[in-house]
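Heads up, the thing below is written out as structure tokens.
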Amino acid sequence: MLRALMSLVAAGALLLASPATATEAAVQELGAEFWAWRATTQPTTGDDIPRIERPSGWVPDWSPQAIARQRDALRQFEARWTRLADEPRNVSHSVDYRLVGSALARVRWELDHVAAWRRQPHFYVAQAFTPIFEVLLPPPPVESERIAQVVRLLENAPAVFVAARHNLDDMRDPFVDAALAQLGMVPRSLRGMVAGLEPHATPEQRKALVASVENAIAAAAQFGEFLENNRDGLPDSTAVGEESYRFFLNEVALYPFSAEELLVMGRQEWARSVLFEELERNRNAGVPELPIGSSVDAVTARLNADELDIRRFLGERGLLTVPDWAGHYNAQPFPTYLAPIGWMGRTFDLTSQGRVGQNATVYLPDPSPDLGYFNLSITRDPKPIIVHEGVPGHFFQLTLGWKHPNPLRRHYYDSGANEGTGFYAEEMMLQAGLWADSPKSREIIYNFARARALRVEVDVKLALGEFTIAEAADYLEAMVPMDRATAEHEAVFFAAAPGQAISYQIGKMQTAEFLAEARVREGDAFDLKRFHDFLWLNGNVPIALQKEEYLAATGAD
């Protein structure tokens with residue numbers, strides 16, 4: 001099954017073979033060493049795509065000494081990469097080289113441009129507690145070793161907050177607000193987590209959990225006092241600025257667009273999405289709204305059944321190869337230990353490189369009309385979230401990418417390809433007829449598209465200082481529209497992680513352009529399923545590089 005899926009890649013490798021094997025070996029060695037180092041130093045984030053496996057016994061270290069070591073290691077990696085710049089290479093090897101460069105540029109972006117470790121107090125709330133959330137994210141049972149990891153990470157949390165007080169020499173006031181809001185939730189959240197873990201823990205572990213949680217809560221409270229005492233006169237601006245944003249676009253994401261072009265592209269797609277949503281609503285006049293699921297068990301059962309239908313649909317329509325070994329995307333209610341800390345990250349367990357073939361899990365709350373934007377949509381129709389997050393979206397794309405024959409292609413570089421593919425999957429399935437008999441679900445898809453397009457404008461204007469976080473939240477609330485809580489969460493997240501919010505729309509537009517050019521150049525030889533198999537397998541690779549390699553491999557360039 002895997003051999004069949006990778007047939008295009010193998011054909012391309014034969015077509016592009018060259019004597020540059022020594023150079024490619026050096027790039028592969030550099031990449032392998034970089035990713036081993038990155039597993040110990042990459043910041044934790046609540047986002048689901050960037051999650052990586054950590055070495056045994058790992059705890060986050062953001063002490064000034066650790067940051068100095070990061071900088072020194074990055075300089076050495078960059079020097080090795082630069083020395084390989086003029087070596088001969090074929091198209092595939094050039095893609096690998098530029099991938100390593102993109103990965104190195106991302107670290108430079110994090111340390112010197114976004115500089116969350118200096119500017120964003122809520123960055124340290126994430127470094128202290130989100131690793132615990134990630135340990136508990138895989139579904140039950142909760143083994144003794146997992147509880148031991150939780151205790152170890154809780155015991156390390158005070159050190160994270162000590163490091164924060166040393167490092168935060170350029171704080172921004174809106175990020176202080178974000179941190180204080182999160183710190184206010186910490187005591188109840190962590191104590192609720194411990195209560196949920198008690199049935200899974202030994203008596204000794206229960207004592208260790210209680211003691212380490214109380215120490216972590218005290219350290220978090222002290223950090224909150226530090227923030228309150230040091231916020232007078234802090235700047236309001238959270239923008240990274242034009243020069244830094246250009247660095248991200250050109251060096252990290254490898255987008256062939258300027259910020260000005262992104263604004264035009266995003267606005268055009270927003271208008272297109274509004275048009276299609278209104279046409280759909282007009283077409284569906286008199287059709288009742290989709291009901292909210294009667295219970296969380298009913299919603300999870302429907303999601304699990306719909307996932308099987310979607311896999312069959314992909315095969316029957318000849319859209320994408322779905323190997324039998326690929327795990328399923330299933331749902332379950334929140335475990336009692338996870339629900340209290342669910343705000344610490346995206347509650348999708350998409351597995352990992354070491355768990356390829358296992359099922360992914362999405363945790364769902366009880367249905368209610370008061371749920372946020374995305375969770376409310378799931379209770380009405382789970383298929384949109386399956387398509388984006390599960391199959392054929394992120395989980396399935398990552399599953400394939402983690403088994404790529406080229407080790408460098410197994411790692412996350414930037415979300416432009418991953419989120420772009422997830423968003424592309426929504427429109428692919430819409431146009432292929434998945435919701436042909438569900439008119440109100442089509443309205444959901446168009447509204448999702450409206451939100452993703454609007455994120456482009458929000459991202460660019462936050463990065464360039466043309467929006468404050470409050471203005472971005474107001475804009476999202478009014479123009480999508482979406483509930484206030486979701487709008488505020490997105491505005492803070494996009495301000496803290498510039499460049500992420502553009503990835504959905506711009507990645508999808510790049511993919512559509514890539515497909516169109518491949519279709520024209522290949523003519524009748526173009527095969528949609530073959531194209532999609534290549535796209536999904538290489539889903540961690542920026543679309544511009546995928547396009548270059550695909551067209552060369554198929555002789556269409």
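Letters for chains follow the order of the structure tokens (A, B, ...), residue numbers begin at 1 for each chain, and ligand numbers begin at 1 in the order shown.
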Compile the contact shell of segment 505-522 of chain A as a PyMOL selection string: residues with an atom at most 8 Å away, counting only C-alpha atoms, same-chain residues fewer than 6 positions apart removed. chain A and resi 262+265-266+416-421+423-424+452-453+456+531+543-544+547+551+554+556-557
Fewer than 5 positions away in the same chain doesn't count, so skip those; otherwise give me all residues within 12 Å of Asn304 of chain A, counting only C-alpha atoms, as a PyMOL selection string. chain A and resi 297-299+309-311+328-332+359-362+381-383+385-386+390-391
Which of segment 241-363 of chain A counts as alpha helix (DSSP H) under DSSP, as a PyMOL selection string please? chain A and resi 242-247+259-283+296-316
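All residues within segment 327-521 of chain A that the backbone DSSP calculation assigns to strand (DSSP E) are Tyr329, Asn330, Ala331, Gln332, Pro333, Phe348, Asp349, Ala360, Thr361, Val362, Tyr363 and Leu364 of chain A.
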Write a file of the selected residues as a PDB file, in the first residue's frame, keeping N, CA and C atoms.
```
ATOM      1  N   TYR A 329      -9.787   8.512  12.608  1.00  0.00           N
ATOM      2  CA  TYR A 329      -9.989   9.737  13.377  1.00  0.00           C
ATOM      3  C   TYR A 329     -11.302   9.582  14.126  1.00  0.00           C
ATOM      4  N   ASN A 330     -11.206   9.355  15.429  1.00  0.00           N
ATOM      5  CA  ASN A 330     -12.379   9.058  16.246  1.00  0.00           C
ATOM      6  C   ASN A 330     -12.592  10.124  17.319  1.00  0.00           C
ATOM      7  N   ALA A 331     -13.776  10.077  17.932  1.00  0.00           N
ATOM      8  CA  ALA A 331     -14.128  11.055  18.960  1.00  0.00           C
ATOM      9  C   ALA A 331     -14.502  10.351  20.247  1.00  0.00           C
ATOM     10  N   GLN A 332     -14.335  11.064  21.348  1.00  0.00           N
ATOM     11  CA  GLN A 332     -14.822  10.596  22.636  1.00  0.00           C
ATOM     12  C   GLN A 332     -15.037  11.795  23.549  1.00  0.00           C
ATOM     13  N   PRO A 333     -15.866  11.642  24.579  1.00  0.00           N
ATOM     14  CA  PRO A 333     -16.037  12.739  25.534  1.00  0.00           C
ATOM     15  C   PRO A 333     -14.731  13.014  26.275  1.00  0.00           C
ATOM     16  N   PHE A 348      -7.104  17.896  19.986  1.00  0.00           N
ATOM     17  CA  PHE A 348      -7.000  16.862  18.966  1.00  0.00           C
ATOM     18  C   PHE A 348      -5.701  16.100  19.197  1.00  0.00           C
ATOM     19  N   ASP A 349      -5.782  14.820  19.452  1.00  0.00           N
ATOM     20  CA  ASP A 349      -4.569  13.995  19.512  1.00  0.00           C
ATOM     21  C   ASP A 349      -4.357  13.399  18.134  1.00  0.00           C
ATOM     22  N   ALA A 360      -6.351   8.525  15.805  1.00  0.00           N
ATOM     23  CA  ALA A 360      -6.360   9.859  16.386  1.00  0.00           C
ATOM     24  C   ALA A 360      -7.648  10.045  17.182  1.00  0.00           C
ATOM     25  N   THR A 361      -7.643  11.040  18.066  1.00  0.00           N
ATOM     26  CA  THR A 361      -8.797  11.282  18.928  1.00  0.00           C
ATOM     27  C   THR A 361      -9.092  12.769  18.988  1.00  0.00           C
ATOM     28  N   VAL A 362     -10.363  13.105  18.849  1.00  0.00           N
ATOM     29  CA  VAL A 362     -10.832  14.450  19.144  1.00  0.00           C
ATOM     30  C   VAL A 362     -11.755  14.352  20.353  1.00  0.00           C
ATOM     31  N   TYR A 363     -11.528  15.223  21.333  1.00  0.00           N
ATOM     32  CA  TYR A 363     -12.342  15.228  22.551  1.00  0.00           C
ATOM     33  C   TYR A 363     -13.427  16.288  22.412  1.00  0.00           C
ATOM     34  N   LEU A 364     -14.657  15.900  22.742  1.00  0.00           N
ATOM     35  CA  LEU A 364     -15.790  16.792  22.524  1.00  0.00           C
ATOM     36  C   LEU A 364     -16.514  17.096  23.830  1.00  0.00           C
TER      37      LEU A 364
END
```
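Closest approach to His122 of chain A from the set A:Ser295, A:Asn156, A:Thr44, A:Gln65 is made by A:Thr44, with distances taken over only C-alpha atoms.
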Skipping near chain neighbours, those fewer than 6 positions away, what residues fall within 10 Å of segment 30-43 of chain A using only C-alpha atoms, listed as a PDB file with C-alpha atoms, in the first residue's frame?
```pdb
ATOM      1  CA  GLU A  24      22.696  15.163  -0.151  1.00  0.00           C
ATOM      2  CA  PRO A  50       3.726  21.622  15.530  1.00  0.00           C
ATOM      3  CA  ARG A  51       3.576  18.995  18.300  1.00  0.00           C
ATOM      4  CA  ILE A  52       6.634  16.758  18.325  1.00  0.00           C
ATOM      5  CA  GLU A  53       7.904  13.793  20.275  1.00  0.00           C
ATOM      6  CA  ARG A  54      10.277  14.703  23.091  1.00  0.00           C
ATOM      7  CA  PRO A  55      13.153  12.561  24.392  1.00  0.00           C
ATOM      8  CA  TRP A  58      12.561  15.950  28.818  1.00  0.00           C
ATOM      9  CA  VAL A  59      11.473  19.097  30.620  1.00  0.00           C
ATOM     10  CA  PRO A  60      11.388  22.598  29.114  1.00  0.00           C
ATOM     11  CA  ASP A  61      14.356  24.801  29.961  1.00  0.00           C
ATOM     12  CA  TRP A  62      14.078  28.541  29.240  1.00  0.00           C
ATOM     13  CA  ALA A  66      19.590  27.573  27.915  1.00  0.00           C
ATOM     14  CA  ILE A  67      18.712  30.414  25.539  1.00  0.00           C
ATOM     15  CA  ARG A  69      23.044  27.574  24.278  1.00  0.00           C
ATOM     16  CA  GLN A  70      20.206  27.705  21.731  1.00  0.00           C
ATOM     17  CA  ALA A  73      23.815  25.869  18.454  1.00  0.00           C
ATOM     18  CA  LEU A  74      21.755  27.762  15.890  1.00  0.00           C
ATOM     19  CA  PHE A  77      23.818  24.888  12.267  1.00  0.00           C
ATOM     20  CA  GLU A  78      23.501  28.004  10.093  1.00  0.00           C
ATOM     21  CA  ARG A  80      27.146  24.352   8.267  1.00  0.00           C
ATOM     22  CA  TRP A  81      24.090  25.031   6.084  1.00  0.00           C
ATOM     23  CA  ASP A  96      15.801  19.197   0.881  1.00  0.00           C
ATOM     24  CA  TYR A  97      18.463  21.870   1.254  1.00  0.00           C
ATOM     25  CA  LEU A  99      13.780  22.765   3.771  1.00  0.00           C
ATOM     26  CA  VAL A 100      16.649  22.727   6.237  1.00  0.00           C
ATOM     27  CA  GLY A 101      17.147  26.431   5.594  1.00  0.00           C
ATOM     28  CA  ALA A 103      13.679  25.126   9.554  1.00  0.00           C
ATOM     29  CA  LEU A 104      16.736  27.095  10.669  1.00  0.00           C
ATOM     30  CA  VAL A 107      14.301  29.173  14.941  1.00  0.00           C
ATOM     31  CA  GLU A 110      11.304  32.619  17.092  1.00  0.00           C
ATOM     32  CA  ALA A 116       8.102  35.494  22.735  1.00  0.00           C
ATOM     33  CA  TRP A 117      10.636  34.592  25.424  1.00  0.00           C
ATOM     34  CA  PHE A 123       4.501  32.161  26.529  1.00  0.00           C
ATOM     35  CA  TYR A 124       5.773  30.939  29.910  1.00  0.00           C
ATOM     36  CA  ALA A 126       2.397  27.563  27.925  1.00  0.00           C
ATOM     37  CA  GLN A 127       5.962  26.335  28.543  1.00  0.00           C
ATOM     38  CA  PRO A 131       3.601  19.935  28.088  1.00  0.00           C
ATOM     39  CA  PRO A 407      13.561  11.482   6.476  1.00  0.00           C
ATOM     40  CA  LEU A 408      13.729  15.243   5.950  1.00  0.00           C
ATOM     41  CA  HIS A 411       9.038  16.905   9.958  1.00  0.00           C
ATOM     42  CA  TYR A 412       6.907  19.996  10.334  1.00  0.00           C
TER      43      TYR A 412
END
```
